[in-house]
Amino acid sequence: MSLGDATPTDSDVRAAFRRATAAVSGRSAGLVAPLLLFDLLVFVVPFGYLVRISLTEQATAQAFVEGTWSLDGYRFIAESATIRREFVFTLGFAAVVTALAVGIGLVYAYAMWRAEGPLRVALVAGVLVSMFTAIVVKLFAAVLVFSPNGVLNAALVGSGVIAAPLTLVNNVPGAVIAQLYIVVPYAVLATFSVLATVDESLVEAARDLGASRPRAFLAVVLPHTVPGLLVAGVIAFTWSVGSYAAPLLLGSGSERTVGIEVADLLLQEFDWSAAAALAVVVTTTVIAALTLAYLLMRRQGGASAEVAADG
Amino acid sequence: MTTPVLELDGVTKRFGSMTAVNDVSLSVAEGELVCLLGPSGCGKSTTLRSVAGFETPDDGAVRIEGRDVTATPPNERPCTMVFQNWALFPNKTVQENVAFGLKMAGVSERERHERAAELLSLVEMSEQADARPEELSGGQKQRTALARSLAPDPDLLLLDEPLSNLDRKLREAMQLEIKEIQATLGTTMVYVTHDQDEAFTLADRIGVMNDGRLVQTGPPSDVYTDPDDRFVESFLGTTNFVECTVAPAETPQRKPSADGGLADDRVPLETPLGSSLAAPASDDLEPGDRVTASLRPERLSVSVDTDADANTADDPGAFAARATVENVLHRGSTVRYELTVGDATLFTERRMADRLDVEPGDAVMVRCGSRDVSYFGPAGARV
């Protein structure tokens with residue numbers, strides 16, 4: 001045994017070290033406890049309750065029948081062509097919003113990273129102000145800007161770029177624009193936080209070795225930014241799959257998201273087991289997407305974590 | 001004469017109100033290794049970055065192989081750079097890092113692979129070809145960075161304090177390796193460092209920089225023994241500076257010495273050493289001017305006799321004075337002697353094997369030949 005010649009003092013030290021680390025990990029568990037309790041109370045328990053309601057019998061006279069067990073809710077949503085179409089539309093809507101949010105977020109974050117002085121301050125302020133504005137205010141602002149007689153159309157028609165106002169509200173593009181209003185600031189910050197850790201000498205090294213600006217970006221900056229883009233994508237996708245306010249206020253009446261459907265089932269149809277079942281299915285889908293993204297990030301994460309530590 | 005590989009012509013770079021590089025002109029011949037040496041903030045890195053293309057000079061021109069590249073972007077310049085933090089691409093393997101420049105140049109994958117393998121064997125990194133930078137030690141990162149910069153076969157290799165993040169032993173080993181690689185490949189190099197030992201080990205020519213200016217350029221031995229400027233003298237090695245004043249014109253010492261020797265070519269100085277020094281005659285020196293005399297510790301001779309006139313008659317500018325040993329400091333391989341000479345303190349060093357048999361309080365004679373004292377005028381220029 002290699003430790004055979006260890007003096008008693010050594011093992012004493014080791015034992016003390018073990019005790020110390022055990023005490024530390026005990027303390028860190030204590031520090032995490034409030035967070036776990038919060039998660040449990042605010043997410044796990046309500047979700048369990050939701051699952052339970054989704055498994056009750058459908059009833060016509062009341063929201064749901066307590067104490068019954070049934071797959072009625074799931075059967076109902078599986079058999080409804082409308083809900084299936086809404087489900088597909090919601091996933092497509094979320095995918096489009098995610099792609100646009102990540103793209104816009106990357107461009108904006110890159111501009112923020114390269115800008116200096118007042119321009120940078122303005123760009124950062126733009127993100128933060130938008131982020132701290134209440135959703136309702138933000139969405140009504142979007143209506144003012146994008147409606148046929150809104151600011152944007154007035155400017156475009158006035159300057160002669162287009163002849164007639166574009167229809168940018170109460171249709172799918174309107175819902176997408178409104179949803180982007182909500183998620184882009186988060187996508188920008190998620191991307192920027194990673195971009196800010198790019199070692200600029202890496203860009204210089206790439207340029208020095210013959211890479212043009214775009215190539216240096218592709219070879220050095222973009223691979224480094226991938227974890228940030230994944231986070232941005234997760235935020236945008238999760239939020240958009242569950243979107244309610246933006247498509248309701250600026251979307252079309254015929255193309256409804258699952259979120260709107262859940263609200264309808266709850267409040268108009270008064271069919272809580274079907275509403276709960278639909279919510280559970282959506283939530284499960286989102287969790288599956290998150291797990292996938294997490295696995296992707298784990299594969300990408302090692303290198304970038306190292307860079308962050310180096311920087 | 002053939003075209004120099006690099007020519008800096010009055011390069012000036014300002015950041016706001018600060019002039020980082022001030023009218024620097026330098027010419028580097030093919031196969032030469034020139035070190036830019038100076039304290040931090042002296043503008044040496046900015047000068048190098050102007051050559052690489054990361055800074056655009058406000059004035060002056062940068063020419064590589066005779067072509068004006070002052071406004072050329074870095075990716076179109078025929079030079080590469082080794083960065084202080086090495087700047088290896090973290091998401092690429094060692095081999096991919098080394099091949100990057102070739103890939104950008106459109107070299108085929110097979111050729112890239114061969115060339116990268118060749119360079120990795122040159123820097124003895126073949127075994128780590130598939131490793132990622134994060135798995136490498138500092139020395140290995142340094143070798144990889146060197147191989148990566150050499151791979152595109154640049155006309156000029158720029159090195160920005162590439163060894164400053166390594167410990168002393170590794171740094172000294174790497175200095176010799178860089179020198180060896182330079183001899184093997186014949187690559188022209190401009191090497192920026194603040195470490196004078198490094199500069200003296202590596203350089204064919206040293207350019208000493210201070211405050212944005214290139215103060216003196218020359219072979220290492222010339223720069224050390226024949227400094228143009230007080231800054232060069234103080235920055236390279238250690239020395240005793242003695243503040244003197246040019247003696248009034250009517251002092252008897254100004255008159256020709258009795259034996260008609262060389263005394264007329266020299267200007268006597270009043271010193272705090274209790275003995276006079278004499279600077280070479282110069283039109284720029286007026287009585288009352290402050291002159292700094294530099295007595296290199298290794299040029300001072302110390303002996304236990306106390307005859308002030310011995311051995312000075314044939315060297316009128318020579319310096320001899322009575323001194324008291326103040327302190328004897330053992331510093332490993334050398335011994336340092338601090339001597340009180342008049343109102344000043346001088347120090348000298350001997351190797352352990354040649355140490356003097358003196359103790360604090362002993363009276364000794366300290367001497368220095370006239371050629372071994374350098375004098376610098378009020379503005380710092382050599383007299």
# chains A, B, ... in the order shown; residues from 1 in each chain; ligands from 1
$ interface_residues --of "chain A" --to "chain B" --cutoff "6 Å" --atoms "only C-alpha atoms" --output "PyMOL selection string"
chain A and resi 201-202+207-211
$ write_last_selection --atoms "N, CA, C and O atoms" --output "PDB file, in the first residue's frame"
ATOM      1  N   SER A 201      -7.984  38.245 -28.242  1.00  0.00           N
ATOM      2  CA  SER A 201      -6.726  37.881 -28.899  1.00  0.00           C
ATOM      3  C   SER A 201      -6.925  36.654 -29.791  1.00  0.00           C
ATOM      4  O   SER A 201      -6.163  36.440 -30.724  1.00  0.00           O
ATOM      5  N   LEU A 202      -7.976  35.844 -29.514  1.00  0.00           N
ATOM      6  CA  LEU A 202      -8.262  34.706 -30.404  1.00  0.00           C
ATOM      7  C   LEU A 202      -8.700  35.213 -31.770  1.00  0.00           C
ATOM      8  O   LEU A 202      -8.307  34.666 -32.808  1.00  0.00           O
ATOM      9  N   ARG A 207      -7.216  36.409 -37.405  1.00  0.00           N
ATOM     10  CA  ARG A 207      -6.987  37.422 -38.438  1.00  0.00           C
ATOM     11  C   ARG A 207      -5.523  37.392 -38.869  1.00  0.00           C
ATOM     12  O   ARG A 207      -5.206  37.470 -40.048  1.00  0.00           O
ATOM     13  N   ASP A 208      -4.643  37.260 -37.884  1.00  0.00           N
ATOM     14  CA  ASP A 208      -3.211  37.253 -38.141  1.00  0.00           C
ATOM     15  C   ASP A 208      -2.832  36.087 -39.046  1.00  0.00           C
ATOM     16  O   ASP A 208      -1.924  36.187 -39.854  1.00  0.00           O
ATOM     17  N   LEU A 209      -3.547  34.967 -38.880  1.00  0.00           N
ATOM     18  CA  LEU A 209      -3.229  33.776 -39.661  1.00  0.00           C
ATOM     19  C   LEU A 209      -3.983  33.750 -40.991  1.00  0.00           C
ATOM     20  O   LEU A 209      -4.092  32.702 -41.624  1.00  0.00           O
ATOM     21  N   GLY A 210      -4.548  34.876 -41.380  1.00  0.00           N
ATOM     22  CA  GLY A 210      -5.096  34.979 -42.726  1.00  0.00           C
ATOM     23  C   GLY A 210      -6.608  34.914 -42.830  1.00  0.00           C
ATOM     24  O   GLY A 210      -7.139  34.863 -43.926  1.00  0.00           O
ATOM     25  N   ALA A 211      -7.317  34.901 -41.689  1.00  0.00           N
ATOM     26  CA  ALA A 211      -8.778  34.834 -41.755  1.00  0.00           C
ATOM     27  C   ALA A 211      -9.351  36.236 -41.944  1.00  0.00           C
ATOM     28  O   ALA A 211      -8.963  37.160 -41.238  1.00  0.00           O
TER      29      ALA A 211
END
$ residues_around --residues "range 179-191 of chain A" --least-positions-apart "5" --cutoff "8 Å" --atoms "only C-alpha atoms" --output "JSON, numbers by chain"
{"A": [97, 100, 101, 102, 104, 105, 106, 108, 109, 127, 128, 130, 131, 135, 138, 139, 142, 225, 228, 229, 231, 232, 233, 235, 236, 239, 240, 243, 246, 247]}
$ atom_distance --atom1 "CA of Val258 in chain A" --atom2 "CA of Val42 in chain A"
22.1 Å
$ residues_around --residues "Thr2 in chain B" --least-positions-apart "6" --cutoff "10 Å" --atoms "only C-alpha atoms" --output "ChimeraX atom specification"
/B:29-30,65-66
$ write_last_selection --atoms "all heavy atoms" --output "PDB file, in the first residue's frame"
ATOM      1  N   ALA B  29      16.816  43.287 -41.390  1.00  0.00           N
ATOM      2  CA  ALA B  29      17.291  42.563 -42.573  1.00  0.00           C
ATOM      3  C   ALA B  29      16.827  41.113 -42.524  1.00  0.00           C
ATOM      4  O   ALA B  29      16.426  40.607 -41.481  1.00  0.00           O
ATOM      5  CB  ALA B  29      18.812  42.625 -42.642  1.00  0.00           C
ATOM      6  N   GLU B  30      16.903  40.452 -43.661  1.00  0.00           N
ATOM      7  CA  GLU B  30      16.458  39.066 -43.758  1.00  0.00           C
ATOM      8  C   GLU B  30      17.262  38.169 -42.816  1.00  0.00           C
ATOM      9  O   GLU B  30      18.477  38.270 -42.719  1.00  0.00           O
ATOM     10  CB  GLU B  30      16.609  38.564 -45.198  1.00  0.00           C
ATOM     11  CG  GLU B  30      16.061  37.176 -45.349  1.00  0.00           C
ATOM     12  CD  GLU B  30      15.781  36.812 -46.790  1.00  0.00           C
ATOM     13  OE1 GLU B  30      16.040  37.644 -47.668  1.00  0.00           O
ATOM     14  OE2 GLU B  30      15.300  35.690 -47.004  1.00  0.00           O
ATOM     15  N   GLU B  65       8.915  43.580 -46.881  1.00  0.00           N
ATOM     16  CA  GLU B  65       9.483  43.193 -48.177  1.00  0.00           C
ATOM     17  C   GLU B  65       9.298  44.314 -49.204  1.00  0.00           C
ATOM     18  O   GLU B  65       8.976  44.067 -50.365  1.00  0.00           O
ATOM     19  CB  GLU B  65       8.836  41.894 -48.692  1.00  0.00           C
ATOM     20  CG  GLU B  65       9.078  40.660 -47.837  1.00  0.00           C
ATOM     21  CD  GLU B  65      10.491  40.075 -48.001  1.00  0.00           C
ATOM     22  OE1 GLU B  65      11.325  40.681 -48.705  1.00  0.00           O
ATOM     23  OE2 GLU B  65      10.751  39.025 -47.398  1.00  0.00           O
ATOM     24  N   GLY B  66       9.453  45.545 -48.761  1.00  0.00           N
ATOM     25  CA  GLY B  66       9.380  46.683 -49.661  1.00  0.00           C
ATOM     26  C   GLY B  66       7.968  47.152 -49.982  1.00  0.00           C
ATOM     27  O   GLY B  66       7.784  48.197 -50.592  1.00  0.00           O
TER      28      GLY B  66
END
$ select_by_dssp --residues "range 118-224 of chain B" --states "strand (DSSP E or B)" --output "PDB file with C-alpha atoms, in the first residue's frame"
ATOM      1  CA  LEU B 156       8.406  37.878 -40.763  1.00  0.00           C
ATOM      2  CA  LEU B 157       7.575  36.389 -37.377  1.00  0.00           C
ATOM      3  CA  LEU B 158       6.489  38.734 -34.610  1.00  0.00           C
ATOM      4  CA  LEU B 159       6.742  37.598 -30.997  1.00  0.00           C
ATOM      5  CA  ASP B 160       5.038  39.604 -28.259  1.00  0.00           C
ATOM      6  CA  THR B 188      13.287  36.959 -39.727  1.00  0.00           C
ATOM      7  CA  MET B 189      11.958  37.780 -36.273  1.00  0.00           C
ATOM      8  CA  VAL B 190      10.995  40.827 -34.266  1.00  0.00           C
ATOM      9  CA  TYR B 191      10.794  39.899 -30.626  1.00  0.00           C
ATOM     10  CA  VAL B 192       9.309  42.138 -27.959  1.00  0.00           C
ATOM     11  CA  THR B 193      10.424  41.668 -24.371  1.00  0.00           C
ATOM     12  CA  ARG B 205      20.293  43.435 -32.631  1.00  0.00           C
ATOM     13  CA  ILE B 206      18.530  45.140 -29.742  1.00  0.00           C
ATOM     14  CA  GLY B 207      16.319  48.193 -30.033  1.00  0.00           C
ATOM     15  CA  VAL B 208      15.899  49.827 -26.627  1.00  0.00           C
ATOM     16  CA  MET B 209      12.595  51.670 -26.289  1.00  0.00           C
ATOM     17  CA  ASN B 210      11.498  54.190 -23.711  1.00  0.00           C
ATOM     18  CA  ARG B 213      10.789  56.262 -28.660  1.00  0.00           C
ATOM     19  CA  LEU B 214      13.395  53.908 -30.017  1.00  0.00           C
ATOM     20  CA  VAL B 215      16.338  55.202 -28.007  1.00  0.00           C
ATOM     21  CA  GLN B 216      19.164  53.083 -29.374  1.00  0.00           C
ATOM     22  CA  THR B 217      19.592  50.193 -31.780  1.00  0.00           C
ATOM     23  CA  GLY B 218      22.626  47.998 -32.102  1.00  0.00           C
TER      24      GLY B 218
END
$ atom_distance --atom1 "CA of Asp343 in chain B" --atom2 "CA of Leu273 in chain B"
5.9 Å
